[in-house]
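Just below is one structure, and these are the notes that go with it.
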Amino acid sequence: MPIPIPSTIASRRDFLRTTSCGFGSLALNALLQQQATAELSGQGKKASPLAVKQPHFPPKAKRIIFLFMAGGPSQMDLFDHKPQLAKRSGQKLPYELPKTEATVGLDNTRLLGPVSGFKHQGECGLHMSELLPHTARHADDLCVLRAVQADSPNHPVAIRQLHTGNLFDAVPSMGSWLSYGLGTENQQLPSYITILPQEGERNFSSAFLPAIHQGTAIQHVGSSPDKAPIRHLTDSQLPRAVQRRRIDLIQAMNRRQLQRLKTDQQMEGVIQSFELAFRMQTETPRLVNFAEESKETLDLYGIGEKPTDTFGRQCLLARRFAEAGVRFVQVSLGGWDHHNKIATGLPERCAVSDKPIAGLLSDLKTRGLLDDTLVLWGGEFGRTPHAQNGDGREHNHHGFTMWMAGGGVKGGITHGATDDFGYYGVEDQVHINDLHATMLHLMGLDHERLTFKHHGRPFRLTDVAGNVVKEILA
């Protein structure tokens with residue numbers, strides 16, 4: 001006959017202490033398993049909150065890899081060639097600076113020409129910086145958005161908008177929305193993973209969505225055995241069977257509490273997270289181990305080389321997670337905030353990122369994954385055509401560049417345009433809300449229908465705005 005477990009926390013603690021002393025660990029383990037089985041019997045199995053869900057319409061993409069270049073890459077030095085800017089470098093500004101924005105380091109500022117040369121690349125003739133020779137080989141796969149717009153030139157606020165669609169409120173991130181709307185193809189893994197996040201936990205949280213949809217952070221990508229890629233994933237002090245029994249007992253207690261409360265979103269999230277964390281112990285160690293990858297693949301990403309090793313590992317992990325069924329994978333690289341010395345700082349960032357990104361695109365294409373994997377590259381904003389501190393560039397949210405590849409977008413095209421100097425978007429502007437609406441559309445989701453009721457009103461990733469950019473759809 002099952003031995004009843006007390007209902008209060010204090011009495012449970014005393015019960016476990018006396019039981020372990022009186023019966024020994026083997027008897028206790030048997031007791032835990034017995035109690036968990038009793039708690040779970042008769043309840044029936046609910047569908048996993050990460051189970052695959054049907055999209056609103058047939059999708060073009062099954063997964064997204066977001067290459068987040070934190071800090072704001074300079075569009076007129078990389079993807080938005082401006083002959084007039086090069087010709088008039090050092091001259092006075094032909095436009096007025098916005099009176100509502102900070103002007104630190106802009107006293108007597110002048111135009112600053114591109115810090116690198118440009119070449120036409122691919123059959124499409126895409127004009128790209130010479131700093132990106134590896135990415136240039138994929139010019140015919142890139143859909144370059146040249147007039148992206150955000151609502152703030154401030155890093156924390158712009159990053160929040162890029163990730164969540166909202167400037168200030170605590171709302172779910174785009175990865176969480178995709179997890180909520182579509183689930184994941186691998187129940188042993190999270191649906192949303194962020195690798196070496198630069199943006200802060202609030203920007204990959206699930207906010208008011210169930211906690212199971214928040215991003216799981218990969219904290220280390222090196223080969224050092226003393227650094228686990230996901231913190232607290234394994235417990236070397238206990239055998240797996242004992243861990244399973246311990247979790248079963250805790251889950252039984254949690255479910256009993258949930259039955260008493262009828263509804264408790266936080267408790268539901270805890271229950272689901274415990275189960276996912278246990279399942280991850282099986283799948284994740286294999287995925288973060290590159291032993292089965294060929295030398296050719298490692299070389300493709302620049303792994304084992306300077307300066308590409310770390311970012312190459314991030315990109316290879318992204319491919320492995322995406323291939324394993326993770327719905328949304330983010331790879332972050334900081335250091336793009338060039339307020340000064342951009343002529344040396346920008347080439348350094350390109351040297352770090354160019355080969356791994358090209359390797360990722362090549363690897364996805366070779367494996368037949370690029371067609372249904374949407375790759376997005378970009379930062380929270382871009383840079384100004386005028387100089388800051390003499391040899392740098394200030395933030396610019398009025399018209400900057402991002403690019404997409406694969407996943408149902410047209411390759412080898414540019415969409416939108418900035419003025420002659422690369423400051424303001426003047427044609428076919430794409431607001432962050434439009435970007436999110438388009439990403440959801442490519443994943444088979446109508447951004448106006450993917451909603452969640454909170455505080456008495458329905459919320460969505462695009463709030464009350466956003467239009468699908470149909471011109472770039474393949």
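Just remember, in the structure tokens the first chain shown is A, the second B, etc., residues are 1-based per chain, and ligands are 1-based in the order shown.
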Residue set, segment 249-455 of chain A restricted to strand (DSSP E or B), as a ChimeraX atom specification: /A:328-333,373-378,382-388,392-396,400-405,409,413-415,417-418,425-427,430-431,452-454
Can you spit out the residues from that selection as a tab-separated table (two decimals), in the first residue's frame, using N, CA and C atoms?
```
chain	number	residue	atom	x	y	z
A	328	PHE	N	14.06	27.73	-33.51
A	328	PHE	CA	14.67	29.06	-33.62
A	328	PHE	C	16.02	29.03	-32.92
A	329	VAL	N	17.08	29.32	-33.66
A	329	VAL	CA	18.43	29.35	-33.11
A	329	VAL	C	19.02	30.74	-33.34
A	330	GLN	N	19.52	31.34	-32.28
A	330	GLN	CA	20.16	32.64	-32.41
A	330	GLN	C	21.64	32.53	-32.11
A	331	VAL	N	22.45	33.17	-32.95
A	331	VAL	CA	23.90	33.25	-32.77
A	331	VAL	C	24.25	34.72	-32.64
A	332	SER	N	24.90	35.10	-31.57
A	332	SER	CA	25.19	36.52	-31.32
A	332	SER	C	26.68	36.80	-31.38
A	333	LEU	N	27.02	37.95	-31.95
A	333	LEU	CA	28.41	38.41	-32.01
A	333	LEU	C	28.41	39.91	-31.75
A	373	THR	N	15.32	26.66	-44.38
A	373	THR	CA	15.88	27.34	-43.21
A	373	THR	C	16.04	28.82	-43.55
A	374	LEU	N	15.39	29.68	-42.81
A	374	LEU	CA	15.54	31.12	-43.03
A	374	LEU	C	16.70	31.62	-42.19
A	375	VAL	N	17.71	32.19	-42.85
A	375	VAL	CA	18.85	32.78	-42.16
A	375	VAL	C	18.69	34.29	-42.21
A	376	LEU	N	18.77	34.93	-41.04
A	376	LEU	CA	18.64	36.38	-40.94
A	376	LEU	C	19.92	36.94	-40.33
A	377	TRP	N	20.48	37.99	-40.95
A	377	TRP	CA	21.70	38.64	-40.45
A	377	TRP	C	21.42	40.11	-40.22
A	378	GLY	N	21.91	40.65	-39.10
A	378	GLY	CA	21.81	42.08	-38.88
A	378	GLY	C	21.89	42.46	-37.42
A	382	GLY	N	21.98	50.62	-37.71
A	382	GLY	CA	23.21	50.77	-38.48
A	382	GLY	C	24.02	51.97	-38.00
A	383	ARG	N	24.76	52.58	-38.91
A	383	ARG	CA	25.64	53.70	-38.57
A	383	ARG	C	25.34	54.90	-39.47
A	384	THR	N	25.87	56.05	-39.05
A	384	THR	CA	25.67	57.30	-39.79
A	384	THR	C	26.72	57.47	-40.88
A	385	PRO	N	26.38	58.22	-41.95
A	385	PRO	CA	27.38	58.53	-42.99
A	385	PRO	C	28.38	59.57	-42.51
A	386	HIS	N	28.06	60.31	-41.48
A	386	HIS	CA	28.97	61.32	-40.96
A	386	HIS	C	29.81	60.74	-39.82
A	387	ALA	N	30.93	61.38	-39.58
A	387	ALA	CA	31.90	60.89	-38.62
A	387	ALA	C	31.52	61.25	-37.19
A	388	GLN	N	31.89	60.39	-36.28
A	388	GLN	CA	31.81	60.68	-34.85
A	388	GLN	C	33.21	60.52	-34.27
A	392	GLY	N	34.93	57.54	-36.41
A	392	GLY	CA	33.91	56.52	-36.14
A	392	GLY	C	32.58	56.95	-36.70
A	393	ARG	N	31.54	56.18	-36.40
A	393	ARG	CA	30.19	56.50	-36.86
A	393	ARG	C	29.20	56.37	-35.69
A	394	GLU	N	28.20	57.24	-35.67
A	394	GLU	CA	27.16	57.23	-34.65
A	394	GLU	C	26.05	56.24	-35.03
A	395	HIS	N	25.15	55.96	-34.11
A	395	HIS	CA	24.01	55.08	-34.36
A	395	HIS	C	23.08	55.67	-35.42
A	396	ASN	N	22.46	54.79	-36.20
A	396	ASN	CA	21.50	55.23	-37.21
A	396	ASN	C	20.38	54.21	-37.33
A	400	PHE	N	18.93	51.25	-42.36
A	400	PHE	CA	20.10	50.38	-42.24
A	400	PHE	C	19.84	49.05	-42.95
A	401	THR	N	20.85	48.20	-42.98
A	401	THR	CA	20.80	46.98	-43.79
A	401	THR	C	20.73	45.72	-42.94
A	402	MET	N	19.85	44.81	-43.37
A	402	MET	CA	19.85	43.44	-42.90
A	402	MET	C	19.71	42.56	-44.13
A	403	TRP	N	20.08	41.28	-43.99
A	403	TRP	CA	19.85	40.38	-45.12
A	403	TRP	C	19.25	39.06	-44.67
A	404	MET	N	18.54	38.42	-45.61
A	404	MET	CA	17.97	37.10	-45.40
A	404	MET	C	18.51	36.17	-46.47
A	405	ALA	N	18.45	34.88	-46.19
A	405	ALA	CA	18.83	33.87	-47.18
A	405	ALA	C	18.01	32.61	-46.93
A	409	VAL	N	12.75	33.17	-49.41
A	409	VAL	CA	12.96	34.52	-49.91
A	409	VAL	C	13.72	34.46	-51.23
A	413	ILE	N	18.87	39.57	-54.65
A	413	ILE	CA	18.13	40.82	-54.87
A	413	ILE	C	18.41	41.80	-53.74
A	414	THR	N	18.14	43.05	-54.00
A	414	THR	CA	18.10	44.08	-52.96
A	414	THR	C	16.69	44.64	-52.93
A	415	HIS	N	16.28	45.04	-51.73
A	415	HIS	CA	14.95	45.61	-51.57
A	415	HIS	C	15.07	46.88	-50.74
A	417	ALA	N	15.84	51.28	-50.48
A	417	ALA	CA	16.99	52.14	-50.76
A	417	ALA	C	17.05	53.26	-49.74
A	418	THR	N	18.27	53.70	-49.46
A	418	THR	CA	18.50	54.87	-48.63
A	418	THR	C	18.88	56.04	-49.54
A	425	GLY	N	16.14	55.94	-44.91
A	425	GLY	CA	15.45	55.08	-45.85
A	425	GLY	C	14.45	55.90	-46.65
A	426	VAL	N	14.50	55.79	-47.98
A	426	VAL	CA	13.65	56.63	-48.82
A	426	VAL	C	12.75	55.82	-49.75
A	427	GLU	N	12.99	54.51	-49.84
A	427	GLU	CA	12.21	53.70	-50.77
A	427	GLU	C	12.02	52.30	-50.20
A	430	VAL	N	11.45	48.97	-44.61
A	430	VAL	CA	10.98	47.80	-43.87
A	430	VAL	C	11.16	48.09	-42.38
A	431	HIS	N	10.04	48.32	-41.71
A	431	HIS	CA	10.12	48.54	-40.26
A	431	HIS	C	10.32	47.20	-39.56
A	452	PHE	N	-1.96	36.07	-27.93
A	452	PHE	CA	-2.07	35.50	-26.59
A	452	PHE	C	-2.73	36.55	-25.71
A	453	LYS	N	-3.79	36.16	-25.02
A	453	LYS	CA	-4.50	37.12	-24.19
A	453	LYS	C	-3.78	37.33	-22.86
A	454	HIS	N	-3.50	38.59	-22.55
A	454	HIS	CA	-2.77	38.94	-21.32
A	454	HIS	C	-3.26	40.31	-20.86
```
Pick out each residue of segment 278-456 of chain A that DSSP on the backbone tags as helix (DSSP H, G or I); I need them as a PyMOL selection string. chain A and resi 278-287+290-292+295-301+309-324+342-366+370-372+432-442
Selected residue, from A:Leu50, A:Leu346, A:Val464, A:Leu364, that lies nearest to Met76 of chain A when counting only C-alpha atoms: A:Leu346
Using only C-alpha atoms, which of the listed residues (A:Pro197, A:Leu316, A:Ala139, A:Arg460) sits closest to Ser294 of chain A? A:Leu316
Interatomic distance, atom CA of Gly412 of chain A to atom CA of Pro55 of chain A (Å, one decimal): 27.8 Å
Point out the residue among A:Gly122, A:Gly71, A:Gly444, A:Pro172 with the least atom-to-atom distance to Glu199 of chain A, counting only C-alpha atoms.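 Of A:Gly122, A:Gly71, A:Gly444, A:Pro172, the one nearest Glu199 of chain A, counting only C-alpha atoms, is A:Gly71.
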Point out the residue among A:Pro239, A:Gly90, A:Gly175, A:Pro307 with the least atom-to-atom distance to Met443 of chain A, counting only C-alpha atoms. A:Gly175
Nearest to Ala51 of chain A by atom-to-atom distance, counting only C-alpha atoms, from A:Arg246, A:His339, A:Arg327, A:Arg202: A:Arg327
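Neighbouring residues of His81 of chain A at 9 Å or closer, counting only C-alpha atoms and skipping chain neighbours under 5 positions away, are Gln75, Met76, Ala86, Pro114, Phe118, His127, Met128, Ser129, Phe421 and Gly422 of chain A.
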Just-selected residues, C-alpha atoms written as a PDB file, in the first residue's frame:
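Final file, selection_30.pdb:
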```pdb
ATOM      1  CA  GLN A  75      25.636  49.530 -43.773  1.00  0.00           C
ATOM      2  CA  MET A  76      27.470  51.964 -46.055  1.00  0.00           C
ATOM      3  CA  ALA A  86      32.953  58.326 -51.182  1.00  0.00           C
ATOM      4  CA  PRO A 114      33.489  54.030 -46.902  1.00  0.00           C
ATOM      5  CA  PHE A 118      33.225  47.474 -53.022  1.00  0.00           C
ATOM      6  CA  HIS A 127      27.559  45.368 -54.615  1.00  0.00           C
ATOM      7  CA  MET A 128      29.359  44.163 -51.476  1.00  0.00           C
ATOM      8  CA  SER A 129      32.331  45.197 -49.381  1.00  0.00           C
ATOM      9  CA  PHE A 421      24.602  59.066 -48.362  1.00  0.00           C
ATOM     10  CA  GLY A 422      22.999  56.079 -46.622  1.00  0.00           C
TER      11      GLY A 422
END
```
